[in-house]
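As structure tokens, the structure follows; a few thoughts come after it.
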Amino acid sequence: MKLPFSLGKPRWQSKDAAVRRAAVVADDDGDLLANLGRIARDDADPGVRIAAMKRLADPGIAQGLARDDLDAGVRAQALALWLDLLTGRHAGAPTLVERTRLLRAQDEAPTIEHVARHAREPELRAAALERATRPAFLLERALEEADASLRTALVGRIDNEGMLQRLAERTRKSDKTVNRLARERVEALRIARGDAAMLELRARQLCERLEQLVRDPASADERDVLAQWTPIAEAAPSQLRARFEAARSLLVASREAPRAMRASDAPALVATASGSPEVERASEAQPAPAARDRETDTQAQAEAEADDVVAPLLAQARFAASVDEARAAQRQQREQQQALLHEFGEALRACDAALERGASAEAHAAHARVAALRTRIDGALPKALAELLHGVEARHAELSRWQFWADNERRRQICEEIEAVAAAALHPDAVAAKVRDAQAEWTRLDAVEGPRGRGGELTRRFHAACRAALAPAQAYFHKRKELRQTQAGAIDDLLARVAARVADETEPDVSGLRREAVQALRELDRVEPRARKALAQRLKDALDALDARQRRRDDGVEQAKAALIAEAETLADQLPRGAVAATRELQQRWQACGNGRRSRDQAQWKAFRAALDRVYERLDGERTQRQAQDADSKARAEALCVELESLAAGGTPAERGVVARIVEGWNDLRSRDDSLARRFAAAREHLHEVERNEQRRQRHQRFDRWREREVLCVAAERGAESPEALRAHWDAAADGGIALPVQSARFEAALAGTPLAAADPEALHGPLLELELLAGIEALPEDRERRRELQVARLASRMRGVAAPSPADELVDLLERRSVLGAGTDEAIEARFETALAAALASLP
């Protein structure tokens, strides 16, 4: 019995979405695997699309679904999968090179920023950070990036002074390098925008560092000082330029003087000391040597006495040099004081001009500069400067009083902003940042106004607002503290596992544990700041222990591979039977040894490979002889293949004697060439297929002849052509033996003018259903009941013991019954009949 077509479908083509989804997840059907991409894009059920997408794990399909799928859930899942594949966090992620190429094709800022945050490889994060432009994101990565080189590179891309100040504040204890770079970047930006106070401060610091270098050569690096001075040299104040050049000249002189003294003065001093009366008296006081064994002691004593005379002379020379240096220092001090007075006068006049214009910010900055300069000036000021200073101080005090009242308005605004933070539902870190910025601005106002601006109702209101704003965030900070403590506990567990692994010599590989320790060291910002230093040291100690453990293992690997090299060289010298199997065994044992130090592994591998190559070279001689013998056999076998393929290409069955001769020749050759064997087998199969097709064509020829005469009958009954033409076609048609009497009677009656009446559609419907069942075509919904009855009747007939006819006989019976019924008028039934007939013929053997 032939089962209905619907019962043989694979599960992934089921109409039930749950069944399809389960098949997509677990089945290994080849057609299913080949159609996963189409299912992920076109299946009607979102769950099936998600399952196919996840199993396929293709970046292109995931990205396309994340952008174009109509279901929000599918888009979300596709986006998550796409990002996991791009960042390398998925098990089936492409290679780093492929993911880098995919990243270059992305333009969406959120995608680029996600890769910069979550990519596993620093190279991929670096490529994403190069394309990121949002300043807030750059600040975030400079704080949280695990790779130190990327953090330092990000500092140079931040141009906002406020962000750089926040970065320096937050890395004050956690990252000294980033903290220093951020502060230097702030100073450089201020200098670049023309901040005179910062420029002057930087120039003065460099002067002081160079002067300190004159006194203590080990206190700083001269090249570093000069490199920082060069960009600001032209913009620095003239007196500081002169001060810097003077300090530099002193530094050069201090280095050249000792060399000159050692090169010229010391020999003269030694010569003078040697010819002095004291030395001569010391020489005369020494008795002549009585024996050779005392000559050495006498010479050493003479040299010591000469040194006693030379030392005071050298001290006198150094004292004279120090006096000259002191005089030069006094002269330089006077020059510096004159330069400071000049600079003080300029700053005082600048402050006066700013007060005159009403520029309060410039006035305060100039006043601060005046106060700083005054502390560096020794003694009383000249009368003109003292009078000008008195007037400026009075006017500045008046300005400060007025500004105090003006700043109160800004203080009220700050209070209102902080009071509004509690109702803004901001992130706790954002709340803390706003409170911190407000406190910094409040402190700046206090610093500008002095003691007068501190205290009061506004100050109490400000502090109360800060406490109220931070109160809701305390739970978050407590939770973060718990998470940091959890992370610290995880690191403790890791350290315990490292200690156990180091003590266990049976475990060969510690690379995975080392990667975990390195990752934990990079993620120390996730623990409490106070515990980071101790944990960092413990992790570094653990890494040192793992490295020592790895070195011991590498030494063992090296010794094992050295033994294998010796065996391979012995095998190459003796070349016993089974040498090939022995080389394979040696290679397997080599692989089982594992990897040691890379440089040593490569050298040992070259020696091991050279010994094996010697084995293979000696085996090549034997192989060459066998190849020469096989060449002739291969040529003859190829000729037989060509002959058999030419017979198969003819399209008609070949003579059996010719084929038997070729097959016998092939068997005699016993060719070991797999490709020729496949060619010969394919050619034989092609010949067999030609023969089977010819036999099948002959078996089906009667059905084609029935259809040809049936078409002529219908044409005659409908008068589609002239009787003469129809008669000529009928006489030319061959006899197939199916319903020929019935077709002849219908044809003659039609030509005589009495055609057979059109068949009733209902009468044609029964044979049609039987033909569709025979062809294996699924029934239409309206015919399913009659189809089921037909199947039940057939089953009952077989259960009664009635032998079922063959498919070919059953088809002959259907065609004869159809010829008796005559042509139909329902085009749909006729089309279905033609389709079913073609399918039935295709299913026949």
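Residues in the structure tokens are numbered from 1 in each chain, the chains being A, B, ... in the order shown, and ligands are numbered from 1 in the order shown.
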
Need the shell around segment 101-111 of chain A: protein/DNA/RNA residues with any atom at most 8 Å away, counting only C-alpha atoms. Skip same-chain ones fewer than 3 positions apart. Format as a PyMOL selection string? chain A and resi 83+86+97-98+114-115+128+132

Quick one: pull the distance between atom CA of Gly753 of chain A and atom CA of Leu815 of chain A, Å, one decimal. 24.6 Å

Give me the residues within 12 Å of Ala490 of chain A as a PyMOL selection string, counting only C-alpha atoms and dropping any in the same chain fewer than 3 places off. chain A and resi 483-487+493-497+516-517+520+523-524+526-527+535

Can you list, as a PyMOL selection string, every protein, DNA or RNA residue that comes within 12 Å of Glu782 of chain A when you count only C-alpha atoms, leaving out same-chain residues fewer than 4 positions away? chain A and resi 765+769+778+786-788

Quick one: distance from atom CA of Pro46 of chain A to atom CA of Asp28 of chain A in Å, one decimal? 21.0 Å
